[in-house]
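Everything below concerns the one structure shown next.
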Amino acid sequence: MKEPRRGWDFSLELAEKGWYHSFELPDGTHIEGINRIDKLRDRYARFPIPADLTGKRVLDIGAWDGWFSFEAERHGAAVTAIDCVEIPNFLEIQKKLASRVSYRILDFYELPEAGLGVFDFVFCLGILYHLKHPLLALEIVCGLTTDTAIVESFVIDADTWREHPDEVPTMEFYETDELGNQLDNWIGPSVSCLMAMCRAAGFARVEFLHTTGFHAGVACYRKWEAIPAGAKRQAPELLAVANSRTFGVNFSTRKEEYISCWFRTGEPTVTRGELRLEVGGFGIPALYVRPDENGAWMANFRLPPGLGGGWNLVRLRFADSAFGSTTLRIAVDQPLRVKRLELKGACDGTNWNDHEVKASDGGFISCWVTGLPENCDRANISVYLEEKKLLVQYVGELDPEGMRQINAVLPVGAGKGEQLCRVECGGVSTESWALRVV
Ligand SMILES: C[S@@+](CC[C@H](N)C(=O)[O-])C[C@H]1O[C@@H](n2cnc3c(N)ncnc32)[C@H](O)[C@@H]1O
């Protein structure tokens with residue numbers, strides 16, 4: 001039976017010392033907190049961030065007394081520190097150091113709407129296990145990070161995790177005060193669970209840094225590792241990219257959506273671990289890969305957090321290849337702007353007989369429409385035949401006359417005779433076009 005972890009309680013020590021972090025101030029003052037200065041320096045020294053942070057932005061989430069904020073500032077960074085409550089110790093040190101760290105009282109979940117911008121480096125230290133929604137919190141961290149986030153958390157297997165590296169990741173849940181007698185301690189992940197959650201949040205790759213007592217630290221990178229020098233393997237050829245739910249080109253950052261990619265390679269096998277997809281400049285690991293039709297392959301990926309609205313470029317490489325020559329694109333949070341649509345023609349999609357369509361099994365209508373927006377796709381274009389919505393199977397590229405071809409499948413048992421067809425997108429409809437179903 002597993003026991004609660006109430007013994008992990010430092011509240012008495014904290015009350016006695018009054019400080020969580022220790023400080024050595026320029027005037028020679030030494031403040032002794034729960035965390036010794038040499039231990040704090042050791043932790044910081046393991047962060048894979050440049051020694052010179054001039055020109056870089058750092059966000060320190062849950063800064064408490066602020067040692068990590070002031071240290072990053074000492075290394076040249078423009079630092080923003082946030083905490084859910086104002087900590088008088090932070091303000092005292094800030095004054096003594098004449099620090100320019102921007103201190104904001106915000107809850108974790110307020111960060112996306114706080115208008116702070118994005119940060120090269122984000123510190124998420126000793127706060128994850130205080131959160132009821134840890135994966136959501138890590139997604140927020142990922143969306144705010146452009147380079148690397150350092151995540152440290154209480155873990156349940158700091159000393160033993162290397163002995164069971166392939167275990168399914170596990171996490172303890174503390175409904176009340178089972179962890180350290182604290183009401184806001186919610187979870188205790190294993191080290192592998194912490195790393196898996198960071199990847200699941202959308203980071204390209206996650207590296208173990210250290211364990212200190214009951215904590216583990218990991219570095220979470222938004223970019224893939226550099227292409228190995230002399231990489232000779234043939235790059236995969238990216239064929240198509242689509243929303244795995246809608247098969248369209250549009251994605252919403254407010255929804256749980258996945259990217260499907262089709263690619264071709266001369267390799268006999270492909271594993272997901274060797275795929276390096278890049279979307280809007282951010283790396284994202286594959287969730288799944290399988291052989292598809294006609295010798296192509298299909299792989300699925302999460303939509304990386306923090307993508308800018310509009311068109312985002314997508315490219316693919318293997319771990320040991322350059323990127324393929326094809327770059328495709330997806331539309332993120334892009335509104336559909338339609339003014340006027342014109343249906344220029346509609347006919348049988350198999351024999352191209354004008355004004356006519358065969359009601360045979362597998363029959364479809366091909367339409368040509370002008371005025372469609374750049375981000376129109378299978379999911380936001382509707383084709384109606386006598387007000388019955390048809391399945392849109394294909395939306396072509398814009399041709400030189402400003403038209404796109406749309407193919408829509410005729411329903412089984414479609415009635416014969418003259419019927420009216422129209423196309424709709426973004427709340428705007430074309431005029432109707434008469435088609436004879438034969
Ligand atoms: C254990 S301390 C970590 C201090 C420091 N980051 C470190 O690692 O040494 C946790 C900090 O997170 C803050 N915190 C807890 N829940 C929070 C929340 N929901 N939003 C923002 N800050 C929070 C606490 O006030 C405290 O300053």
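Residues in the structure tokens are numbered from 1 in each chain, the chains being A, B, ... in the order shown, and ligands are numbered from 1 in the order shown.
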
Please identify every residue of chain A that has at least one atom no farther than 8 Å from an atom of ligand 1, counting only C-alpha atoms and all ligand atoms, and for each give the shortest atom pair and the distance in Å to one decimal, arranged by chain then increasing number, as a tab-separated table.
```
residue	atom	partner	partner_atom_place_in_ligand_line	distance
A:Tyr20	CA	ligand 1	9 (O)	7.2
A:His21	CA	ligand 1	9 (O)	6.7
A:Asn35	CA	ligand 1	9 (O)	7.6
A:Leu40	CA	ligand 1	9 (O)	7.9
A:Asp60	CA	ligand 1	6 (N)	7.1
A:Ile61	CA	ligand 1	22 (N)	6.3
A:Gly62	CA	ligand 1	12 (O)	3.5
A:Ala63	CA	ligand 1	6 (N)	4.4
A:Trp64	CA	ligand 1	27 (O)	3.4
A:Asp65	CA	ligand 1	27 (O)	7.1
A:Gly66	CA	ligand 1	5 (C)	7.0
A:Trp67	CA	ligand 1	9 (O)	7.3
A:Phe68	CA	ligand 1	6 (N)	7.3
A:Ile82	CA	ligand 1	21 (C)	6.6
A:Asp83	CA	ligand 1	22 (N)	4.1
A:Cys84	CA	ligand 1	21 (C)	4.0
A:Val85	CA	ligand 1	25 (O)	5.7
A:Ile87	CA	ligand 1	27 (O)	7.5
A:Ile105	CA	ligand 1	21 (C)	7.9
A:Leu106	CA	ligand 1	21 (C)	6.1
A:Asp107	CA	ligand 1	20 (N)	3.6
A:Phe108	CA	ligand 1	20 (N)	3.9
A:Tyr109	CA	ligand 1	20 (N)	6.9
A:Phe123	CA	ligand 1	6 (N)	7.5
A:Cys124	CA	ligand 1	6 (N)	6.6
A:Leu125	CA	ligand 1	8 (O)	3.9
A:Gly126	CA	ligand 1	8 (O)	4.1
A:Ile127	CA	ligand 1	10 (C)	4.7
A:His130	CA	ligand 1	16 (N)	5.4
A:Leu131	CA	ligand 1	19 (N)	6.0
A:Glu152	CA	ligand 1	8 (O)	7.1
A:Asp184	CA	ligand 1	16 (N)	7.3
```

Export C-alpha atoms of the chosen residues as a PDB file, in the first residue's frame?
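Below is the file that was written, selection.pdb:
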```
ATOM      1  CA  TYR A  20      12.943  30.230   0.708  1.00  0.00           C
ATOM      2  CA  HIS A  21      16.003  31.323  -1.284  1.00  0.00           C
ATOM      3  CA  ASN A  35      17.672  26.619  -0.329  1.00  0.00           C
ATOM      4  CA  LEU A  40      20.861  27.341  -6.127  1.00  0.00           C
ATOM      5  CA  ASP A  60      10.336  33.112 -14.158  1.00  0.00           C
ATOM      6  CA  ILE A  61       6.969  31.586 -13.186  1.00  0.00           C
ATOM      7  CA  GLY A  62       6.361  31.237  -9.425  1.00  0.00           C
ATOM      8  CA  ALA A  63       9.509  33.210  -8.591  1.00  0.00           C
ATOM      9  CA  TRP A  64       8.944  33.259  -4.794  1.00  0.00           C
ATOM     10  CA  ASP A  65      11.914  35.176  -3.286  1.00  0.00           C
ATOM     11  CA  GLY A  66      13.237  35.600  -6.828  1.00  0.00           C
ATOM     12  CA  TRP A  67      16.765  34.136  -6.788  1.00  0.00           C
ATOM     13  CA  PHE A  68      16.423  32.715 -10.323  1.00  0.00           C
ATOM     14  CA  ILE A  82       5.349  36.278 -11.872  1.00  0.00           C
ATOM     15  CA  ASP A  83       3.780  34.872  -8.741  1.00  0.00           C
ATOM     16  CA  CYS A  84       0.215  34.343  -7.621  1.00  0.00           C
ATOM     17  CA  VAL A  85       0.840  36.350  -4.430  1.00  0.00           C
ATOM     18  CA  ILE A  87       6.151  38.107  -1.873  1.00  0.00           C
ATOM     19  CA  ILE A 105       1.159  39.234  -9.675  1.00  0.00           C
ATOM     20  CA  LEU A 106      -0.606  36.734 -11.885  1.00  0.00           C
ATOM     21  CA  ASP A 107      -1.904  33.213 -11.597  1.00  0.00           C
ATOM     22  CA  PHE A 108      -0.383  30.636 -13.946  1.00  0.00           C
ATOM     23  CA  TYR A 109      -3.589  30.293 -15.927  1.00  0.00           C
ATOM     24  CA  PHE A 123      11.743  28.941 -15.854  1.00  0.00           C
ATOM     25  CA  CYS A 124       8.954  26.779 -14.469  1.00  0.00           C
ATOM     26  CA  LEU A 125      10.673  25.782 -11.260  1.00  0.00           C
ATOM     27  CA  GLY A 126       9.024  24.077  -8.304  1.00  0.00           C
ATOM     28  CA  ILE A 127       5.502  24.970  -9.344  1.00  0.00           C
ATOM     29  CA  HIS A 130       1.137  22.970  -7.175  1.00  0.00           C
ATOM     30  CA  LEU A 131      -1.175  22.957 -10.189  1.00  0.00           C
ATOM     31  CA  GLU A 152      11.675  21.389 -12.335  1.00  0.00           C
ATOM     32  CA  ASP A 184      -2.113  23.199  -3.097  1.00  0.00           C
TER      33      ASP A 184
END
```

> Please, which residues of region 247-402 of chain A, numbered as in this document, come out strand (DSSP E or B) from DSSP, as a ChimeraX atom specification?
Replying inline: /A:250-251,258-264,275-279,282-284,286-291,297-302,310-318,321,328-332,342-348,354,356-357,364-370,381-385,388-395

>> Going by DSSP on the backbone, which residues of region 160-407 of chain A come out as alpha helix (DSSP H)? List them as a PyMOL selection string.
In response: chain A and resi 191-200

For the residues in that selection, give me C-alpha atoms as a PDB file, in the first residue's frame.
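Result file is again.pdb:
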```pdb
ATOM      1  CA  VAL A 191      10.647  11.411 -13.848  1.00  0.00           C
ATOM      2  CA  SER A 192       9.587   9.685 -17.069  1.00  0.00           C
ATOM      3  CA  CYS A 193       6.060  11.067 -16.621  1.00  0.00           C
ATOM      4  CA  LEU A 194       7.440  14.592 -16.196  1.00  0.00           C
ATOM      5  CA  MET A 195       9.414  14.199 -19.423  1.00  0.00           C
ATOM      6  CA  ALA A 196       6.473  12.644 -21.273  1.00  0.00           C
ATOM      7  CA  MET A 197       4.161  15.465 -20.173  1.00  0.00           C
ATOM      8  CA  CYS A 198       6.647  18.067 -21.407  1.00  0.00           C
ATOM      9  CA  ARG A 199       6.742  16.363 -24.812  1.00  0.00           C
ATOM     10  CA  ALA A 200       2.954  16.012 -24.837  1.00  0.00           C
TER      11      ALA A 200
END
```

>> Report, in Å with one decimal, the straight-line distance from CA of Asp333 (chain A) to CA of Gly248 (chain A).
In response: 12.9 Å

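Shortest separation to Val383 (chain A) among A:Ile259, A:Ile150, A:Leu343, A:Ile37 occurs at residue A:Leu343, atoms counted being only C-alpha atoms.
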